[in-house]
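Structure record follows, encoded as structure tokens.
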Amino acid sequence: ALAVPVARELEVTLIPVGEPVYMLISDRTRERALERMRADFVANASHELRTPLASLIGFVETLRGPAADDPEAQQSFLGIMAEQAARMQRVIGDLLNLSRIEISEHSPPKELVHLPPLLERIAAGMEPMLKAGNTKLQVNAPPDLPKIPADADQLTQVFSNLLDNALKYGKPGGVIKLTASAAPDPRFEPGGVAVSVADEGIGIPREHIPRLTERFYRVDKGRSRAVGGTGLGLAIVKHVVNRHRGRLIIDSDTGKGSTFTIWLPGRGA
Ligand code: ADP
């Protein structure tokens with residue numbers, strides 16, 4: 001965690017019970033910060049949905065008016081409208097997932113999951129997208145990896161999001177490496193399994209890294225939108241990792257690529 005000095009927000013209440021006068025000082029810093037985060041989130045979510053909606057309404061007006069007799073323009077506008085509607089659907093889908101994950105955060109996962117077949121399934125599902133992006137995916141997950149307590153559906157979302165990002169922000173014609181290992185790693189507690197997704201893409205400037213898992217935070221808004229991003233993928237990753245009492249480490253070298261590593265505790269941790 002970053003230690004950022006914050007001005008404390010104190011609330012002072014005088015309790016008039018005669019002499020002596022009691023003064024109650026409450027530290028509201030954390031509460032106010034949470035209130036602001038909640039308000040920001042609602043404002044951001046509304047904005048994310050409002051923009052494509054405004055564009056949809058605009059095109060409907062044009063289709064009813066100026067473009068009513070122009071079949072060519074109609075086809076092109078309908079294409080844009082379909083894309084805007086799909087975008088709203090993705091944002092709403094991710095918001096619902098995020099809220100489901102948050103609700104689950106109080107109950108630790110109980111199922112025992114063997115990661116290699118799960119990772120192979122995700123990799124197989126990505127095949128068409130990898131082909132379209134002319135990108136190779138190398139999976140390295142030893143079959144003797146120990147099982148870990150996990151929620152298979154949530155982990156599927158996590159690794160899909162990370163691979164999706166590696167593809168979106170990776171190098172066209174490049175290689176993505178998906179690696180799982182139970183080898184001791186000084187960055188993590190002993191035991192457990194680490195899974196990393198490494199790309200050779202644009203990388204992330206250092207100063208952005210601590211904020212990447214905030215909802216709707218993007219390094220480059222235009223680029224994220226152009227590749228169909230919702231800005232919620234890494235927030236989902238963070239919450240799933242929290243639920244698993246795991247850790248997320250982001251390493252990146254601008255222009256060379258990024259590696260997202262997730263460590264998940266083993267049985268009896
Ligand atoms: P998005 O839907 O915008 O991709 P995410 O929450 O998944 O949202 O990621 C947040 C931001 O982090 C992205 O907009 C992008 O700027 C940056 N990012 C995520 N993954 C990578 C990556 N592999 N390489 C470079 N930048 C990345």
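Chain labels follow the order of the structure tokens: the first chain is A, the next B, and so on; residue numbering restarts at 1 in every chain, and ligands are counted from 1 in their shown order.
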
At most 9 Å from ligand 1 (only C-alpha atoms and all ligand atoms): residue list as a PDB file with C-alpha atoms, in the first residue's frame:
ATOM      1  CA  ASN A 161      -9.680 -10.765 -18.415  1.00  0.00           C
ATOM      2  CA  LEU A 162      -5.882 -10.832 -18.142  1.00  0.00           C
ATOM      3  CA  LEU A 163      -5.480 -12.728 -21.421  1.00  0.00           C
ATOM      4  CA  ASP A 164      -7.986 -10.435 -23.086  1.00  0.00           C
ATOM      5  CA  ASN A 165      -5.910  -7.436 -21.973  1.00  0.00           C
ATOM      6  CA  ALA A 166      -2.664  -9.087 -23.088  1.00  0.00           C
ATOM      7  CA  LEU A 167      -4.252  -9.446 -26.498  1.00  0.00           C
ATOM      8  CA  LYS A 168      -5.754  -5.936 -26.575  1.00  0.00           C
ATOM      9  CA  TYR A 169      -2.616  -4.145 -25.408  1.00  0.00           C
ATOM     10  CA  GLY A 170      -0.086  -6.703 -26.621  1.00  0.00           C
ATOM     11  CA  VAL A 197       0.206 -13.548 -17.924  1.00  0.00           C
ATOM     12  CA  ALA A 198       3.011 -11.819 -19.817  1.00  0.00           C
ATOM     13  CA  ASP A 199       2.719  -9.830 -23.035  1.00  0.00           C
ATOM     14  CA  GLU A 200       5.165  -7.975 -25.259  1.00  0.00           C
ATOM     15  CA  GLY A 201       2.938  -4.963 -25.786  1.00  0.00           C
ATOM     16  CA  ILE A 202       2.794  -1.230 -25.069  1.00  0.00           C
ATOM     17  CA  GLY A 203       3.450  -1.578 -21.340  1.00  0.00           C
ATOM     18  CA  ILE A 204       2.170   0.707 -18.609  1.00  0.00           C
ATOM     19  CA  PRO A 205       3.864   3.878 -17.390  1.00  0.00           C
ATOM     20  CA  HIS A 208      -0.432   4.442 -13.516  1.00  0.00           C
ATOM     21  CA  ILE A 209       0.243   1.006 -12.046  1.00  0.00           C
ATOM     22  CA  ARG A 211      -4.444   2.855  -9.916  1.00  0.00           C
ATOM     23  CA  LEU A 212      -5.093   0.223 -12.612  1.00  0.00           C
ATOM     24  CA  THR A 213      -7.488  -1.841 -10.501  1.00  0.00           C
ATOM     25  CA  GLU A 214      -9.786   1.131  -9.780  1.00  0.00           C
ATOM     26  CA  ARG A 215     -13.130   0.876 -11.516  1.00  0.00           C
ATOM     27  CA  PHE A 216     -13.102   2.642 -14.902  1.00  0.00           C
ATOM     28  CA  TYR A 217      -9.456   3.657 -14.571  1.00  0.00           C
ATOM     29  CA  ARG A 218      -7.657   3.541 -17.926  1.00  0.00           C
ATOM     30  CA  VAL A 219      -4.220   4.653 -19.047  1.00  0.00           C
ATOM     31  CA  ASP A 220      -5.540   5.657 -22.457  1.00  0.00           C
ATOM     32  CA  LYS A 221      -9.327   6.096 -22.630  1.00  0.00           C
ATOM     33  CA  GLY A 222      -9.453   6.269 -26.415  1.00  0.00           C
ATOM     34  CA  ARG A 223      -7.435   3.113 -26.883  1.00  0.00           C
ATOM     35  CA  SER A 224      -9.413   1.174 -24.277  1.00  0.00           C
ATOM     36  CA  ARG A 225     -12.714   2.155 -25.952  1.00  0.00           C
ATOM     37  CA  VAL A 227     -10.515  -2.175 -28.383  1.00  0.00           C
ATOM     38  CA  GLY A 228     -13.852  -2.665 -26.617  1.00  0.00           C
ATOM     39  CA  GLY A 229     -12.658  -2.227 -23.015  1.00  0.00           C
ATOM     40  CA  THR A 230     -15.050  -1.406 -20.174  1.00  0.00           C
ATOM     41  CA  GLY A 231     -12.430  -0.251 -17.667  1.00  0.00           C
ATOM     42  CA  LEU A 232     -13.733  -2.859 -15.198  1.00  0.00           C
ATOM     43  CA  GLY A 233     -11.628  -5.918 -16.069  1.00  0.00           C
ATOM     44  CA  LEU A 234      -8.855  -5.317 -13.547  1.00  0.00           C
ATOM     45  CA  ALA A 235     -11.300  -4.216 -10.826  1.00  0.00           C
ATOM     46  CA  ILE A 236     -12.923  -7.649 -11.236  1.00  0.00           C
ATOM     47  CA  VAL A 237      -9.468  -9.265 -11.035  1.00  0.00           C
ATOM     48  CA  SER A 252       5.674  -3.425 -16.667  1.00  0.00           C
ATOM     49  CA  THR A 254       6.923   0.815 -21.196  1.00  0.00           C
ATOM     50  CA  GLY A 257       5.439  -5.404 -22.215  1.00  0.00           C
ATOM     51  CA  SER A 258       3.621  -6.198 -18.983  1.00  0.00           C
ATOM     52  CA  THR A 259       3.343  -9.158 -16.638  1.00  0.00           C
ATOM     53  CA  PHE A 260       0.379  -9.658 -14.331  1.00  0.00           C
TER      54      PHE A 260
END

From a DSSP pass on the backbone, collect the residues of region 17-133 of chain A flagged as helix (DSSP H, G or I) and hand them back as an MDAnalysis selection string.
-> chainID A and resid 29:64 71:104 115:132

Could you give me, as a list in words, each residue of region 185-238 of chain A that DSSP assigns to strand (DSSP E) when run on this structure's backbone?
->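 Those residues are Val193, Ala194, Val195, Ser196, Val197 and Ala198 of chain A.
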
Store the residues picked out above in a file with N, CA, C and O atoms, as a tab-separated table (two decimals), in the first residue's frame.
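Output file out_4.tsv is given in full below:
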chain	number	residue	atom	x	y	z
A	193	VAL	N	0.01	-21.20	-5.35
A	193	VAL	CA	0.33	-21.29	-6.78
A	193	VAL	C	0.35	-19.88	-7.36
A	193	VAL	O	-0.48	-19.05	-7.01
A	194	ALA	N	1.33	-19.63	-8.23
A	194	ALA	CA	1.39	-18.33	-8.90
A	194	ALA	C	1.08	-18.53	-10.38
A	194	ALA	O	1.58	-19.47	-11.01
A	195	VAL	N	0.23	-17.66	-10.92
A	195	VAL	CA	-0.09	-17.72	-12.35
A	195	VAL	C	0.23	-16.35	-12.94
A	195	VAL	O	-0.19	-15.33	-12.40
A	196	SER	N	0.99	-16.36	-14.03
A	196	SER	CA	1.30	-15.05	-14.63
A	196	SER	C	0.90	-15.02	-16.10
A	196	SER	O	0.89	-16.04	-16.78
A	197	VAL	N	0.54	-13.81	-16.52
A	197	VAL	CA	0.21	-13.55	-17.92
A	197	VAL	C	1.16	-12.45	-18.39
A	197	VAL	O	1.15	-11.35	-17.85
A	198	ALA	N	2.01	-12.78	-19.35
A	198	ALA	CA	3.01	-11.82	-19.82
A	198	ALA	C	2.81	-11.50	-21.29
A	198	ALA	O	2.60	-12.40	-22.10

Interatomic distance (Å, one decimal) between CA of Leu115 (chain A) and CA of Ile103 (chain A) |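 Those two atoms sit 23.9 Å apart.
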
To one decimal in Å, tell me the separation between CA of Asp251 (chain A) and CA of Trp263 (chain A).
->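 Atom-to-atom, CA of Asp251 (chain A) to CA of Trp263 (chain A), that is 13.9 Å.
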
What lies within 12 Å of Ile80 (chain A) using only C-alpha atoms, ignoring chain neighbours under 6 positions off, as an mmCIF file with N, CA and C atoms, in the first residue's frame?
data_model
loop_
_atom_site.group_PDB
_atom_site.id
_atom_site.type_symbol
_atom_site.label_atom_id
_atom_site.label_comp_id
_atom_site.auth_asym_id
_atom_site.auth_seq_id
_atom_site.Cartn_x
_atom_site.Cartn_y
_atom_site.Cartn_z
ATOM 1 N N PRO A 52 -22.739 6.033 -24.767
ATOM 2 C CA PRO A 52 -23.281 5.266 -25.891
ATOM 3 C C PRO A 52 -24.785 5.459 -26.074
ATOM 4 N N LEU A 53 -25.500 5.708 -24.962
ATOM 5 C CA LEU A 53 -26.939 5.906 -25.066
ATOM 6 C C LEU A 53 -27.239 7.184 -25.845
ATOM 7 N N SER A 55 -25.413 8.544 -28.070
ATOM 8 C CA SER A 55 -25.102 8.307 -29.464
ATOM 9 C C SER A 55 -26.223 7.503 -30.130
ATOM 10 N N LEU A 56 -26.752 6.501 -29.410
ATOM 11 C CA LEU A 56 -27.871 5.716 -29.955
ATOM 12 C C LEU A 56 -29.074 6.600 -30.258
ATOM 13 N N ILE A 57 -29.405 7.473 -29.291
ATOM 14 C CA ILE A 57 -30.566 8.346 -29.474
ATOM 15 C C ILE A 57 -30.343 9.270 -30.669
ATOM 16 N N GLY A 58 -29.108 9.771 -30.783
ATOM 17 C CA GLY A 58 -28.770 10.650 -31.906
ATOM 18 C C GLY A 58 -28.977 9.948 -33.244
ATOM 19 N N PHE A 59 -28.526 8.696 -33.332
ATOM 20 C CA PHE A 59 -28.666 7.957 -34.596
ATOM 21 C C PHE A 59 -30.118 7.613 -34.898
ATOM 22 N N VAL A 60 -30.895 7.325 -33.846
ATOM 23 C CA VAL A 60 -32.320 7.052 -34.081
ATOM 24 C C VAL A 60 -32.973 8.277 -34.713
ATOM 25 N N ALA A 73 -26.584 5.070 -45.878
ATOM 26 C CA ALA A 73 -26.314 5.692 -44.578
ATOM 27 C C ALA A 73 -26.966 4.868 -43.473
ATOM 28 N N GLN A 74 -28.153 4.372 -43.748
ATOM 29 C CA GLN A 74 -28.870 3.584 -42.737
ATOM 30 C C GLN A 74 -28.045 2.371 -42.302
ATOM 31 N N ALA A 86 -23.809 -2.989 -27.933
ATOM 32 C CA ALA A 86 -22.977 -4.073 -27.415
ATOM 33 C C ALA A 86 -22.080 -3.547 -26.300
ATOM 34 N N ARG A 87 -21.617 -2.314 -26.471
ATOM 35 C CA ARG A 87 -20.754 -1.705 -25.469
ATOM 36 C C ARG A 87 -21.496 -1.536 -24.137
#

Looking at A:Gly93, A:Pro146, A:Pro109, A:Pro172, which one is nearest to Gly246 (chain A), with distances taken over only C-alpha atoms?
->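 Looking only at the distances to Gly246 (chain A), the closest residue turns out to be A:Pro109.
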
Pick out the closest residue to Pro117 (chain A) from this set: A:Ala180, A:Met81, A:Ala7, A:Ala132. Count only C-alpha atoms.
->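 Residue with the minimum atom-to-atom distance to Pro117 (chain A): A:Ala180.
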
Near Lys136 (chain A), counting only C-alpha atoms, which residues have an atom at most 7 Å away, once you skip same-chain residues fewer than 4 positions from it, shown as a count of residues only?
-> 4

Which neighbours of Thr29 (chain A) fall inside 9 Å, counting only C-alpha atoms, when residues of the same chain fewer than 4 positions from it are skipped, and could you give them as a PyMOL selection string?
-> chain A and resi 6-10+33-34

Selected residue of minimal separation from Ala45 (chain A) among A:Leu78, A:Met23, A:Leu96, A:Ala183, counting only C-alpha atoms | A:Leu96
